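Peer 1: Hey, dropping data-v2.cif in here, mmCIF, N, CA and C atoms and all ligand atoms:
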data_start
#
loop_
_atom_site.label_atom_id
_atom_site.label_comp_id
_atom_site.auth_asym_id
_atom_site.auth_seq_id
_atom_site.Cartn_x
_atom_site.Cartn_y
_atom_site.Cartn_z
N MET A 1293 0.85 -1.20 0.00
CA MET A 1293 0.00 0.00 0.00
C MET A 1293 0.88 1.25 0.00
N PRO A 1294 0.63 2.17 -0.92
CA PRO A 1294 1.44 3.38 -0.99
C PRO A 1294 1.28 4.25 0.25
N ILE A 1295 2.32 4.93 0.60
CA ILE A 1295 2.28 5.83 1.74
C ILE A 1295 1.74 7.18 1.30
N GLU A 1296 0.78 7.69 2.06
CA GLU A 1296 0.25 9.02 1.78
C GLU A 1296 1.03 10.02 2.61
N PHE A 1297 1.52 11.03 1.95
CA PHE A 1297 2.36 11.99 2.64
C PHE A 1297 1.86 13.40 2.35
N PRO A 1298 1.29 14.07 3.37
CA PRO A 1298 0.72 15.40 3.15
C PRO A 1298 1.79 16.48 3.03
N ILE A 1299 2.38 16.61 1.85
CA ILE A 1299 3.51 17.51 1.68
C ILE A 1299 3.13 18.94 1.33
N VAL A 1300 1.83 19.21 1.16
CA VAL A 1300 1.44 20.55 0.71
C VAL A 1300 1.90 21.64 1.68
N ASP A 1301 1.89 21.34 2.97
CA ASP A 1301 2.30 22.34 3.95
C ASP A 1301 3.81 22.56 3.98
N LEU A 1302 4.54 21.66 3.35
CA LEU A 1302 5.99 21.78 3.35
C LEU A 1302 6.51 22.58 2.16
N LEU A 1303 5.63 22.83 1.20
CA LEU A 1303 6.04 23.59 0.03
C LEU A 1303 5.94 25.08 0.29
N SER A 1304 6.82 25.82 -0.30
CA SER A 1304 6.78 27.27 -0.19
C SER A 1304 5.74 27.84 -1.14
N LYS A 1305 4.90 28.71 -0.60
CA LYS A 1305 3.88 29.35 -1.43
C LYS A 1305 4.55 30.18 -2.53
N GLN A 1306 5.60 30.90 -2.16
CA GLN A 1306 6.28 31.77 -3.12
C GLN A 1306 6.95 30.98 -4.24
N SER A 1307 7.65 29.92 -3.89
CA SER A 1307 8.32 29.14 -4.94
C SER A 1307 7.30 28.41 -5.80
N SER A 1308 6.19 27.99 -5.22
CA SER A 1308 5.14 27.34 -6.00
C SER A 1308 4.52 28.35 -6.96
N TYR A 1309 4.27 29.56 -6.47
CA TYR A 1309 3.71 30.62 -7.31
C TYR A 1309 4.65 30.92 -8.47
N GLU A 1310 5.93 31.03 -8.18
CA GLU A 1310 6.91 31.32 -9.22
C GLU A 1310 7.01 30.19 -10.24
N TRP A 1311 6.87 28.95 -9.78
CA TRP A 1311 6.89 27.83 -10.71
C TRP A 1311 5.68 27.90 -11.65
N LEU A 1312 4.51 28.16 -11.08
CA LEU A 1312 3.30 28.27 -11.90
C LEU A 1312 3.43 29.41 -12.90
N LEU A 1313 3.96 30.51 -12.44
CA LEU A 1313 4.15 31.67 -13.31
C LEU A 1313 5.09 31.32 -14.47
N GLY A 1314 6.19 30.69 -14.15
CA GLY A 1314 7.15 30.32 -15.18
C GLY A 1314 6.64 29.24 -16.12
N HIS A 1315 5.85 28.32 -15.58
CA HIS A 1315 5.35 27.21 -16.38
C HIS A 1315 4.19 27.62 -17.29
N PHE A 1316 3.22 28.29 -16.73
CA PHE A 1316 2.02 28.63 -17.50
C PHE A 1316 2.12 29.97 -18.21
N HIS A 1317 3.01 30.82 -17.75
CA HIS A 1317 3.13 32.16 -18.36
C HIS A 1317 4.61 32.50 -18.60
N PRO A 1318 5.27 31.70 -19.43
CA PRO A 1318 6.71 31.90 -19.62
C PRO A 1318 7.07 33.27 -20.20
N GLN A 1319 6.13 33.90 -20.86
CA GLN A 1319 6.38 35.24 -21.41
C GLN A 1319 6.01 36.33 -20.40
N GLY A 1320 5.54 35.93 -19.23
CA GLY A 1320 5.09 36.88 -18.22
C GLY A 1320 3.57 36.91 -18.15
N LEU A 1321 3.08 37.28 -16.99
CA LEU A 1321 1.63 37.33 -16.79
C LEU A 1321 1.05 38.53 -17.54
N VAL A 1322 0.05 38.27 -18.37
CA VAL A 1322 -0.59 39.33 -19.13
C VAL A 1322 -2.10 39.20 -19.00
N CYS A 1323 -2.80 40.25 -19.34
CA CYS A 1323 -4.25 40.24 -19.31
C CYS A 1323 -4.76 39.22 -20.33
N PRO A 1324 -5.62 38.28 -19.89
CA PRO A 1324 -6.11 37.27 -20.83
C PRO A 1324 -7.09 37.84 -21.86
N ARG A 1325 -7.60 39.03 -21.62
CA ARG A 1325 -8.56 39.62 -22.57
C ARG A 1325 -7.87 40.47 -23.63
N CYS A 1326 -6.99 41.37 -23.22
CA CYS A 1326 -6.40 42.30 -24.20
C CYS A 1326 -4.90 42.13 -24.38
N GLY A 1327 -4.27 41.32 -23.52
CA GLY A 1327 -2.85 41.06 -23.68
C GLY A 1327 -1.94 42.11 -23.08
N ALA A 1328 -2.51 43.09 -22.38
CA ALA A 1328 -1.68 44.12 -21.74
C ALA A 1328 -0.82 43.48 -20.65
N GLY A 1329 0.38 43.96 -20.49
CA GLY A 1329 1.30 43.40 -19.52
C GLY A 1329 0.94 43.76 -18.09
N LEU A 1330 1.56 43.06 -17.19
CA LEU A 1330 1.30 43.25 -15.76
C LEU A 1330 1.64 44.67 -15.31
N GLU A 1331 2.59 45.31 -16.00
CA GLU A 1331 2.96 46.68 -15.64
C GLU A 1331 1.81 47.66 -15.91
N GLN A 1332 0.81 47.22 -16.67
CA GLN A 1332 -0.35 48.07 -16.93
C GLN A 1332 -1.53 47.69 -16.04
N ALA A 1333 -1.29 46.82 -15.07
CA ALA A 1333 -2.34 46.39 -14.16
C ALA A 1333 -2.03 46.88 -12.75
N ARG A 1334 -3.02 46.78 -11.90
CA ARG A 1334 -2.79 47.11 -10.49
C ARG A 1334 -3.24 45.93 -9.65
N LEU A 1335 -2.65 45.80 -8.48
CA LEU A 1335 -3.08 44.76 -7.57
C LEU A 1335 -4.51 45.07 -7.14
N PHE A 1336 -5.42 44.15 -7.39
CA PHE A 1336 -6.83 44.36 -7.10
C PHE A 1336 -7.19 43.82 -5.73
N ARG A 1337 -6.74 42.62 -5.42
CA ARG A 1337 -6.99 42.01 -4.12
C ARG A 1337 -6.11 40.78 -3.96
N ILE A 1338 -6.02 40.33 -2.73
CA ILE A 1338 -5.37 39.05 -2.44
C ILE A 1338 -6.45 38.15 -1.88
N ARG A 1339 -6.68 37.05 -2.56
CA ARG A 1339 -7.76 36.14 -2.17
C ARG A 1339 -7.51 35.58 -0.77
N THR A 1340 -8.56 35.54 0.03
CA THR A 1340 -8.45 35.14 1.43
C THR A 1340 -7.98 33.70 1.59
N VAL A 1341 -8.63 32.77 0.93
CA VAL A 1341 -8.33 31.36 1.13
C VAL A 1341 -7.04 30.94 0.42
N THR A 1342 -6.92 31.33 -0.83
CA THR A 1342 -5.77 30.87 -1.63
C THR A 1342 -4.56 31.78 -1.51
N GLU A 1343 -4.78 33.02 -1.07
CA GLU A 1343 -3.72 34.03 -0.95
C GLU A 1343 -3.08 34.35 -2.30
N VAL A 1344 -3.84 34.13 -3.38
CA VAL A 1344 -3.36 34.44 -4.73
C VAL A 1344 -3.72 35.90 -5.03
N GLU A 1345 -2.78 36.59 -5.64
CA GLU A 1345 -3.00 37.99 -6.00
C GLU A 1345 -3.81 38.10 -7.28
N ASP A 1346 -4.88 38.87 -7.22
CA ASP A 1346 -5.67 39.18 -8.41
C ASP A 1346 -5.26 40.56 -8.89
N TYR A 1347 -5.10 40.68 -10.19
CA TYR A 1347 -4.74 41.97 -10.80
C TYR A 1347 -5.89 42.46 -11.65
N ARG A 1348 -6.01 43.78 -11.73
CA ARG A 1348 -7.02 44.37 -12.60
C ARG A 1348 -6.29 45.12 -13.71
N CYS A 1349 -6.64 44.76 -14.94
CA CYS A 1349 -6.00 45.35 -16.11
C CYS A 1349 -6.36 46.84 -16.19
N GLY A 1350 -5.35 47.67 -16.37
CA GLY A 1350 -5.57 49.10 -16.49
C GLY A 1350 -6.10 49.50 -17.85
N HIS A 1351 -6.06 48.58 -18.79
CA HIS A 1351 -6.50 48.86 -20.15
C HIS A 1351 -7.97 48.47 -20.36
N CYS A 1352 -8.36 47.25 -19.94
CA CYS A 1352 -9.72 46.77 -20.21
C CYS A 1352 -10.51 46.42 -18.95
N ASP A 1353 -9.90 46.56 -17.78
CA ASP A 1353 -10.57 46.31 -16.50
C ASP A 1353 -10.80 44.84 -16.16
N LYS A 1354 -10.24 43.93 -16.92
CA LYS A 1354 -10.37 42.49 -16.65
C LYS A 1354 -9.56 42.15 -15.40
N THR A 1355 -10.15 41.33 -14.53
CA THR A 1355 -9.43 40.84 -13.35
C THR A 1355 -8.84 39.47 -13.69
N TYR A 1356 -7.59 39.28 -13.34
CA TYR A 1356 -6.94 38.00 -13.65
C TYR A 1356 -5.86 37.69 -12.63
N ASN A 1357 -5.41 36.43 -12.66
CA ASN A 1357 -4.33 36.01 -11.78
C ASN A 1357 -3.53 34.90 -12.45
N VAL A 1358 -2.63 34.30 -11.72
CA VAL A 1358 -1.73 33.30 -12.29
C VAL A 1358 -2.49 32.09 -12.84
N PHE A 1359 -3.71 31.85 -12.35
CA PHE A 1359 -4.48 30.70 -12.82
C PHE A 1359 -5.34 31.02 -14.04
N SER A 1360 -5.50 32.26 -14.38
CA SER A 1360 -6.35 32.64 -15.51
C SER A 1360 -5.86 31.99 -16.79
N GLY A 1361 -6.78 31.39 -17.50
CA GLY A 1361 -6.45 30.75 -18.77
C GLY A 1361 -5.82 29.37 -18.62
N THR A 1362 -5.72 28.89 -17.38
CA THR A 1362 -5.17 27.55 -17.15
C THR A 1362 -6.28 26.62 -16.69
N VAL A 1363 -5.95 25.37 -16.57
CA VAL A 1363 -6.90 24.37 -16.11
C VAL A 1363 -7.34 24.64 -14.67
N PHE A 1364 -6.61 25.44 -13.96
CA PHE A 1364 -6.91 25.72 -12.56
C PHE A 1364 -7.78 26.96 -12.34
N GLU A 1365 -8.14 27.63 -13.39
CA GLU A 1365 -8.93 28.86 -13.25
C GLU A 1365 -10.24 28.58 -12.51
N GLY A 1366 -10.49 29.36 -11.48
CA GLY A 1366 -11.74 29.27 -10.73
C GLY A 1366 -11.83 28.09 -9.77
N ARG A 1367 -10.73 27.39 -9.55
CA ARG A 1367 -10.78 26.19 -8.70
C ARG A 1367 -10.41 26.45 -7.25
N ARG A 1368 -10.08 27.67 -6.92
CA ARG A 1368 -9.78 28.03 -5.53
C ARG A 1368 -8.70 27.17 -4.91
N LEU A 1369 -7.62 27.04 -5.64
CA LEU A 1369 -6.48 26.27 -5.14
C LEU A 1369 -5.36 27.21 -4.73
N LYS A 1370 -4.62 26.79 -3.75
CA LYS A 1370 -3.40 27.51 -3.39
C LYS A 1370 -2.34 27.13 -4.43
N PRO A 1371 -1.36 27.99 -4.65
CA PRO A 1371 -0.31 27.66 -5.62
C PRO A 1371 0.35 26.31 -5.34
N GLU A 1372 0.64 26.02 -4.08
CA GLU A 1372 1.31 24.76 -3.76
C GLU A 1372 0.41 23.56 -4.06
N GLN A 1373 -0.91 23.72 -3.92
CA GLN A 1373 -1.83 22.64 -4.27
C GLN A 1373 -1.82 22.40 -5.78
N ALA A 1374 -1.81 23.47 -6.55
CA ALA A 1374 -1.80 23.34 -8.01
C ALA A 1374 -0.53 22.65 -8.48
N VAL A 1375 0.61 23.02 -7.90
CA VAL A 1375 1.88 22.39 -8.28
C VAL A 1375 1.82 20.89 -7.99
N LEU A 1376 1.30 20.53 -6.83
CA LEU A 1376 1.23 19.11 -6.48
C LEU A 1376 0.23 18.37 -7.37
N LEU A 1377 -0.84 19.03 -7.77
CA LEU A 1377 -1.80 18.39 -8.67
C LEU A 1377 -1.17 18.13 -10.04
N VAL A 1378 -0.41 19.09 -10.53
CA VAL A 1378 0.28 18.88 -11.81
C VAL A 1378 1.24 17.71 -11.68
N ARG A 1379 2.05 17.76 -10.65
CA ARG A 1379 3.05 16.71 -10.43
C ARG A 1379 2.40 15.34 -10.29
N GLY A 1380 1.41 15.25 -9.43
CA GLY A 1380 0.76 13.97 -9.17
C GLY A 1380 0.02 13.43 -10.38
N THR A 1381 -0.63 14.30 -11.11
CA THR A 1381 -1.37 13.86 -12.29
C THR A 1381 -0.43 13.37 -13.36
N VAL A 1382 0.65 14.10 -13.58
CA VAL A 1382 1.63 13.70 -14.59
C VAL A 1382 2.30 12.38 -14.21
N LYS A 1383 2.52 12.19 -12.90
CA LYS A 1383 3.15 10.95 -12.44
C LYS A 1383 2.17 9.78 -12.41
N GLY A 1384 0.88 10.06 -12.57
CA GLY A 1384 -0.12 9.01 -12.58
C GLY A 1384 -0.50 8.50 -11.21
N GLU A 1385 -0.40 9.36 -10.20
CA GLU A 1385 -0.75 8.94 -8.85
C GLU A 1385 -2.26 8.71 -8.74
N GLN A 1386 -2.63 7.84 -7.83
CA GLN A 1386 -4.04 7.56 -7.60
C GLN A 1386 -4.73 8.80 -7.05
N ALA A 1387 -5.96 9.01 -7.51
CA ALA A 1387 -6.70 10.22 -7.14
C ALA A 1387 -6.86 10.37 -5.63
N GLN A 1388 -7.14 9.30 -4.94
CA GLN A 1388 -7.37 9.39 -3.49
C GLN A 1388 -6.09 9.79 -2.76
N ILE A 1389 -4.98 9.20 -3.16
CA ILE A 1389 -3.70 9.54 -2.54
C ILE A 1389 -3.34 10.99 -2.85
N LEU A 1390 -3.57 11.36 -4.10
CA LEU A 1390 -3.27 12.73 -4.52
C LEU A 1390 -4.13 13.73 -3.73
N ALA A 1391 -5.40 13.40 -3.55
CA ALA A 1391 -6.29 14.27 -2.80
C ALA A 1391 -5.79 14.46 -1.37
N ASN A 1392 -5.33 13.40 -0.76
CA ASN A 1392 -4.83 13.49 0.61
C ASN A 1392 -3.55 14.31 0.67
N GLU A 1393 -2.67 14.11 -0.31
CA GLU A 1393 -1.43 14.86 -0.33
C GLU A 1393 -1.66 16.34 -0.58
N VAL A 1394 -2.57 16.62 -1.48
CA VAL A 1394 -2.83 18.00 -1.87
C VAL A 1394 -3.71 18.70 -0.84
N GLY A 1395 -4.50 17.93 -0.14
CA GLY A 1395 -5.37 18.51 0.88
C GLY A 1395 -6.61 19.13 0.29
N CYS A 1396 -7.08 18.58 -0.82
CA CYS A 1396 -8.35 19.05 -1.37
C CYS A 1396 -9.35 17.91 -1.21
N ALA A 1397 -10.63 18.25 -1.27
CA ALA A 1397 -11.66 17.25 -1.09
C ALA A 1397 -11.46 16.13 -2.11
N ALA A 1398 -11.56 14.90 -1.63
CA ALA A 1398 -11.26 13.75 -2.48
C ALA A 1398 -12.09 13.73 -3.75
N LYS A 1399 -13.37 14.02 -3.64
CA LYS A 1399 -14.24 13.95 -4.81
C LYS A 1399 -13.82 15.00 -5.86
N ARG A 1400 -13.55 16.22 -5.38
CA ARG A 1400 -13.17 17.29 -6.28
C ARG A 1400 -11.84 16.96 -6.95
N CYS A 1401 -10.92 16.41 -6.16
CA CYS A 1401 -9.61 16.06 -6.67
C CYS A 1401 -9.70 14.91 -7.67
N LYS A 1402 -10.49 13.93 -7.33
CA LYS A 1402 -10.64 12.77 -8.22
C LYS A 1402 -11.26 13.20 -9.54
N THR A 1403 -12.26 14.05 -9.47
CA THR A 1403 -12.88 14.57 -10.69
C THR A 1403 -11.84 15.26 -11.55
N PHE A 1404 -11.01 16.06 -10.90
CA PHE A 1404 -9.95 16.78 -11.62
C PHE A 1404 -8.98 15.81 -12.29
N VAL A 1405 -8.52 14.84 -11.52
CA VAL A 1405 -7.52 13.89 -12.04
C VAL A 1405 -8.11 13.08 -13.19
N LEU A 1406 -9.31 12.57 -13.01
CA LEU A 1406 -9.92 11.75 -14.05
C LEU A 1406 -10.18 12.55 -15.32
N LYS A 1407 -10.52 13.81 -15.14
CA LYS A 1407 -10.83 14.65 -16.29
C LYS A 1407 -9.58 15.05 -17.06
N TYR A 1408 -8.50 15.34 -16.33
CA TYR A 1408 -7.34 15.92 -17.00
C TYR A 1408 -6.16 14.98 -17.20
N LYS A 1409 -6.18 13.85 -16.55
CA LYS A 1409 -5.06 12.92 -16.69
C LYS A 1409 -4.82 12.54 -18.16
N PRO A 1410 -5.88 12.20 -18.92
CA PRO A 1410 -5.61 11.85 -20.31
C PRO A 1410 -5.29 13.06 -21.19
N MET A 1411 -5.40 14.23 -20.63
CA MET A 1411 -5.20 15.44 -21.43
C MET A 1411 -4.09 16.29 -20.84
N ARG A 1412 -2.92 15.73 -20.77
CA ARG A 1412 -1.81 16.42 -20.11
C ARG A 1412 -1.42 17.70 -20.81
N ARG A 1413 -1.89 17.83 -22.04
CA ARG A 1413 -1.56 19.07 -22.76
C ARG A 1413 -2.13 20.29 -22.04
N TYR A 1414 -3.15 20.07 -21.20
CA TYR A 1414 -3.71 21.19 -20.45
C TYR A 1414 -2.72 21.76 -19.44
N PHE A 1415 -1.69 20.99 -19.17
CA PHE A 1415 -0.69 21.46 -18.24
C PHE A 1415 0.43 22.20 -18.95
N SER A 1416 0.32 22.28 -20.26
CA SER A 1416 1.34 22.96 -21.03
C SER A 1416 1.21 24.48 -20.86
N PRO A 1417 2.32 25.16 -21.07
CA PRO A 1417 2.25 26.63 -20.98
C PRO A 1417 1.25 27.19 -21.99
N ILE A 1418 0.71 28.33 -21.64
CA ILE A 1418 -0.22 29.02 -22.53
C ILE A 1418 0.56 29.58 -23.71
N HIS A 1419 0.09 29.31 -24.89
CA HIS A 1419 0.75 29.83 -26.08
C HIS A 1419 -0.11 30.95 -26.65
N ARG A 1420 0.48 32.09 -26.79
CA ARG A 1420 -0.23 33.23 -27.35
C ARG A 1420 0.35 33.56 -28.71
N SER A 1421 -0.52 33.96 -29.59
CA SER A 1421 -0.05 34.33 -30.94
C SER A 1421 0.33 35.79 -30.97
ZN ZN A 1501 -6.88 43.86 -20.39
#
Transcribe the structure of this file into structure tokens.
Ligand SMILES: [Zn+2]
Peer 2:
Amino acid sequence: MPIEFPIVDLLSKQSSYEWLLGHFHPQGLVCPRCGAGLEQARLFRIRTVTEVEDYRCGHCDKTYNVFSGTVFEGRRLKPEQAVLLVRGTVKGEQAQILANEVGCAAKRCKTFVLKYKPMRRYFSPIHRS
């Protein structure tokens, strides 16, 4: 029987955030609506539960964050949870074990894993033309 190890609390929020930023937004975080750069946005809020920074575009008023345009958009995950979900899904870990490690509800996690495991391309960086 595999050992379940709740490592989410051991990961750094900052390094997880930076990994997500580099992986999903290698060209830098931009507005998903108009493409304006982060330098044209302002910090709008920091989400209470996830502690993710939301930015508001100064050009079109769209609110966005590091998860915008990714498979994690709107899922209320902390950066370290998202990193572990990517890692666990790519490695083919069992949904229940992954849910325990990531610390998200098992059903929600299992749904995520089953939906996206065969579609690993969703974990690829966002490509903009
Ligand atoms: Zn915009």
Peer 1: Pick out the closest residue to ligand ZN 1501 (chain A) from this set: A:Cys1349, A:Val1375, A:Val1300, A:Val1341. Count only C-alpha atoms and all ligand atoms.
Peer 2: A:Cys1349
Peer 1: Could you check how far atom CA of Gly1350 of chain A sits from atom CA of Gln1373 of chain A, in Å to one decimal?
Peer 2: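 Answer for the atom CA of Gly1350 of chain A to atom CA of Gln1373 of chain A separation: 29.4 Å.
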Peer 1: What lies within 8 Å of Cys1326 of chain A using all atoms listed in the file, ignoring chain neighbours under 6 positions off, as a PyMOL selection string?
Peer 2: chain A and resi 1351-1352+1354
Peer 1: Using atom CA of Pro1318 of chain A and atom CA of Thr1355 of chain A as the two end points, give the distance in Å to one decimal.
Peer 2: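 Computing the Euclidean distance for atom CA of Pro1318 of chain A and atom CA of Thr1355 of chain A yields 19.5 Å.
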Peer 1: Just to confirm, what's the straight-line distance from atom CA of Leu1390 of chain A to atom CA of Leu1321 of chain A in Å (one decimal)?
Peer 2: 27.9 Å
Peer 1: Using only N, CA and C atoms and all ligand atoms, which of A:Glu1345, A:Glu1372, A:Glu1385, A:Asp1353 sits nearest ligand ZN 1501 (chain A)?
Peer 2: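 Closest to ligand ZN 1501 (chain A) of all the choices is A:Asp1353.
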Peer 1: Might you pull out every residue within 7 Å of Pro1324 of chain A, with all atoms listed in the file counted and same-chain residues fewer than 2 positions away left off, and present them as an mmCIF file with N, CA and C atoms, in the coordinates of the input?
Peer 2:
data_model
loop_
_atom_site.group_PDB
_atom_site.id
_atom_site.type_symbol
_atom_site.label_atom_id
_atom_site.label_comp_id
_atom_site.auth_asym_id
_atom_site.auth_seq_id
_atom_site.Cartn_x
_atom_site.Cartn_y
_atom_site.Cartn_z
ATOM 1 N N VAL A 1322 0.050 38.270 -18.370
ATOM 2 C CA VAL A 1322 -0.590 39.330 -19.130
ATOM 3 C C VAL A 1322 -2.100 39.200 -19.000
ATOM 4 N N CYS A 1326 -6.990 41.370 -23.220
ATOM 5 C CA CYS A 1326 -6.400 42.300 -24.200
ATOM 6 C C CYS A 1326 -4.900 42.130 -24.380
ATOM 7 N N GLY A 1327 -4.270 41.320 -23.520
ATOM 8 C CA GLY A 1327 -2.850 41.060 -23.680
ATOM 9 C C GLY A 1327 -1.940 42.110 -23.080
ATOM 10 N N ALA A 1328 -2.510 43.090 -22.380
ATOM 11 C CA ALA A 1328 -1.680 44.120 -21.740
ATOM 12 C C ALA A 1328 -0.820 43.480 -20.650
ATOM 13 N N TYR A 1356 -7.590 39.280 -13.340
ATOM 14 C CA TYR A 1356 -6.940 38.000 -13.650
ATOM 15 C C TYR A 1356 -5.860 37.690 -12.630
ATOM 16 N N SER A 1360 -5.500 32.260 -14.380
ATOM 17 C CA SER A 1360 -6.350 32.640 -15.510
ATOM 18 C C SER A 1360 -5.860 31.990 -16.790
ATOM 19 N N GLY A 1361 -6.780 31.390 -17.500
ATOM 20 C CA GLY A 1361 -6.450 30.750 -18.770
ATOM 21 C C GLY A 1361 -5.820 29.370 -18.620
#
Peer 1: With distances taken over only N, CA and C atoms and all ligand atoms, which residue among A:Ala1397, A:Leu1312, A:Cys1323, A:Val1378 lies nearest ligand ZN 1501 (chain A)?
Peer 2: A:Cys1323
Peer 1: Which is closest to ligand ZN 1501 (chain A) among A:Val1358, A:Leu1303, A:Val1363, A:Ala1333, if we use only C-alpha atoms and all ligand atoms?
Peer 2: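 Going through A:Val1358, A:Leu1303, A:Val1363, A:Ala1333 one by one, the smallest distance to ligand ZN 1501 (chain A) is for A:Ala1333.
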Peer 1: Between A:Arg1348, A:Arg1339, A:Lys1305, A:Arg1367, single out the one closest to ligand ZN 1501 (chain A), counting only C-alpha atoms and all ligand atoms.
Peer 2: A:Arg1348
Peer 1: Would you place a box with edges along x, y and z of the file around all atoms of segment 1302-1321 of chain A listed there, add 5 Å to each of its six sides, and report the centre and edge lengths in Å to one decimal, as lines of an AutoDock Vina configuration file?
Peer 2:
center_x = 4.7
center_y = 30.1
center_z = -9.0
size_x = 17.3
size_y = 26.9
size_z = 34.8
Peer 1: So which one's closest to Ile1338 of chain A, A:Phe1404, A:Thr1362, A:Lys1370, A:Cys1396? Using only C-alpha atoms, please.
Peer 2: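 Closest to Ile1338 of chain A, using only C-alpha atoms: A:Lys1370.
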Peer 1: I need the residues of segment 1315-1412 of chain A that end up classed as helix (DSSP H, G or I) by DSSP on the backbone, written out as a short mmCIF file (atom, residue, chain, number, x, y, z; two decimals) with N, CA and C atoms, in the coordinates of the input.
Peer 2:
data_model
loop_
_atom_site.label_atom_id
_atom_site.label_comp_id
_atom_site.auth_asym_id
_atom_site.auth_seq_id
_atom_site.Cartn_x
_atom_site.Cartn_y
_atom_site.Cartn_z
N HIS A 1315 5.85 28.32 -15.58
CA HIS A 1315 5.35 27.21 -16.38
C HIS A 1315 4.19 27.62 -17.29
N PHE A 1316 3.22 28.29 -16.73
CA PHE A 1316 2.02 28.63 -17.50
C PHE A 1316 2.12 29.97 -18.21
N LEU A 1330 1.56 43.06 -17.19
CA LEU A 1330 1.30 43.25 -15.76
C LEU A 1330 1.64 44.67 -15.31
N GLU A 1331 2.59 45.31 -16.00
CA GLU A 1331 2.96 46.68 -15.64
C GLU A 1331 1.81 47.66 -15.91
N GLN A 1332 0.81 47.22 -16.67
CA GLN A 1332 -0.35 48.07 -16.93
C GLN A 1332 -1.53 47.69 -16.04
N PRO A 1371 -1.36 27.99 -4.65
CA PRO A 1371 -0.31 27.66 -5.62
C PRO A 1371 0.35 26.31 -5.34
N GLU A 1372 0.64 26.02 -4.08
CA GLU A 1372 1.31 24.76 -3.76
C GLU A 1372 0.41 23.56 -4.06
N GLN A 1373 -0.91 23.72 -3.92
CA GLN A 1373 -1.83 22.64 -4.27
C GLN A 1373 -1.82 22.40 -5.78
N ALA A 1374 -1.81 23.47 -6.55
CA ALA A 1374 -1.80 23.34 -8.01
C ALA A 1374 -0.53 22.65 -8.48
N VAL A 1375 0.61 23.02 -7.90
CA VAL A 1375 1.88 22.39 -8.28
C VAL A 1375 1.82 20.89 -7.99
N LEU A 1376 1.30 20.53 -6.83
CA LEU A 1376 1.23 19.11 -6.48
C LEU A 1376 0.23 18.37 -7.37
N LEU A 1377 -0.84 19.03 -7.77
CA LEU A 1377 -1.80 18.39 -8.67
C LEU A 1377 -1.17 18.13 -10.04
N VAL A 1378 -0.41 19.09 -10.53
CA VAL A 1378 0.28 18.88 -11.81
C VAL A 1378 1.24 17.71 -11.68
N ARG A 1379 2.05 17.76 -10.65
CA ARG A 1379 3.05 16.71 -10.43
C ARG A 1379 2.40 15.34 -10.29
N GLY A 1380 1.41 15.25 -9.43
CA GLY A 1380 0.76 13.97 -9.17
C GLY A 1380 0.02 13.43 -10.38
N THR A 1381 -0.63 14.30 -11.11
CA THR A 1381 -1.37 13.86 -12.29
C THR A 1381 -0.43 13.37 -13.36
N VAL A 1382 0.65 14.10 -13.58
CA VAL A 1382 1.63 13.70 -14.59
C VAL A 1382 2.30 12.38 -14.21
N LYS A 1383 2.52 12.19 -12.90
CA LYS A 1383 3.15 10.95 -12.44
C LYS A 1383 2.17 9.78 -12.41
N ALA A 1387 -5.96 9.01 -7.51
CA ALA A 1387 -6.70 10.22 -7.14
C ALA A 1387 -6.86 10.37 -5.63
N GLN A 1388 -7.14 9.30 -4.94
CA GLN A 1388 -7.37 9.39 -3.49
C GLN A 1388 -6.09 9.79 -2.76
N ILE A 1389 -4.98 9.20 -3.16
CA ILE A 1389 -3.70 9.54 -2.54
C ILE A 1389 -3.34 10.99 -2.85
N LEU A 1390 -3.57 11.36 -4.10
CA LEU A 1390 -3.27 12.73 -4.52
C LEU A 1390 -4.13 13.73 -3.73
N ALA A 1391 -5.40 13.40 -3.55
CA ALA A 1391 -6.29 14.27 -2.80
C ALA A 1391 -5.79 14.46 -1.37
N ASN A 1392 -5.33 13.40 -0.76
CA ASN A 1392 -4.83 13.49 0.61
C ASN A 1392 -3.55 14.31 0.67
N GLU A 1393 -2.67 14.11 -0.31
CA GLU A 1393 -1.43 14.86 -0.33
C GLU A 1393 -1.66 16.34 -0.58
N VAL A 1394 -2.57 16.62 -1.48
CA VAL A 1394 -2.83 18.00 -1.87
C VAL A 1394 -3.71 18.70 -0.84
N ALA A 1398 -11.56 14.90 -1.63
CA ALA A 1398 -11.26 13.75 -2.48
C ALA A 1398 -12.09 13.73 -3.75
N LYS A 1399 -13.37 14.02 -3.64
CA LYS A 1399 -14.24 13.95 -4.81
C LYS A 1399 -13.82 15.00 -5.86
N ARG A 1400 -13.55 16.22 -5.38
CA ARG A 1400 -13.17 17.29 -6.28
C ARG A 1400 -11.84 16.96 -6.95
N CYS A 1401 -10.92 16.41 -6.16
CA CYS A 1401 -9.61 16.06 -6.67
C CYS A 1401 -9.70 14.91 -7.67
N LYS A 1402 -10.49 13.93 -7.33
CA LYS A 1402 -10.64 12.77 -8.22
C LYS A 1402 -11.26 13.20 -9.54
N THR A 1403 -12.26 14.05 -9.47
CA THR A 1403 -12.88 14.57 -10.69
C THR A 1403 -11.84 15.26 -11.55
N PHE A 1404 -11.01 16.06 -10.90
CA PHE A 1404 -9.95 16.78 -11.62
C PHE A 1404 -8.98 15.81 -12.29
N VAL A 1405 -8.52 14.84 -11.52
CA VAL A 1405 -7.52 13.89 -12.04
C VAL A 1405 -8.11 13.08 -13.19
N LEU A 1406 -9.31 12.57 -13.01
CA LEU A 1406 -9.92 11.75 -14.05
C LEU A 1406 -10.18 12.55 -15.32
N LYS A 1407 -10.52 13.81 -15.14
CA LYS A 1407 -10.83 14.65 -16.29
C LYS A 1407 -9.58 15.05 -17.06
N TYR A 1408 -8.50 15.34 -16.33
CA TYR A 1408 -7.34 15.92 -17.00
C TYR A 1408 -6.16 14.98 -17.20
N ARG A 1412 -2.92 15.73 -20.77
CA ARG A 1412 -1.81 16.42 -20.11
C ARG A 1412 -1.42 17.70 -20.81
#
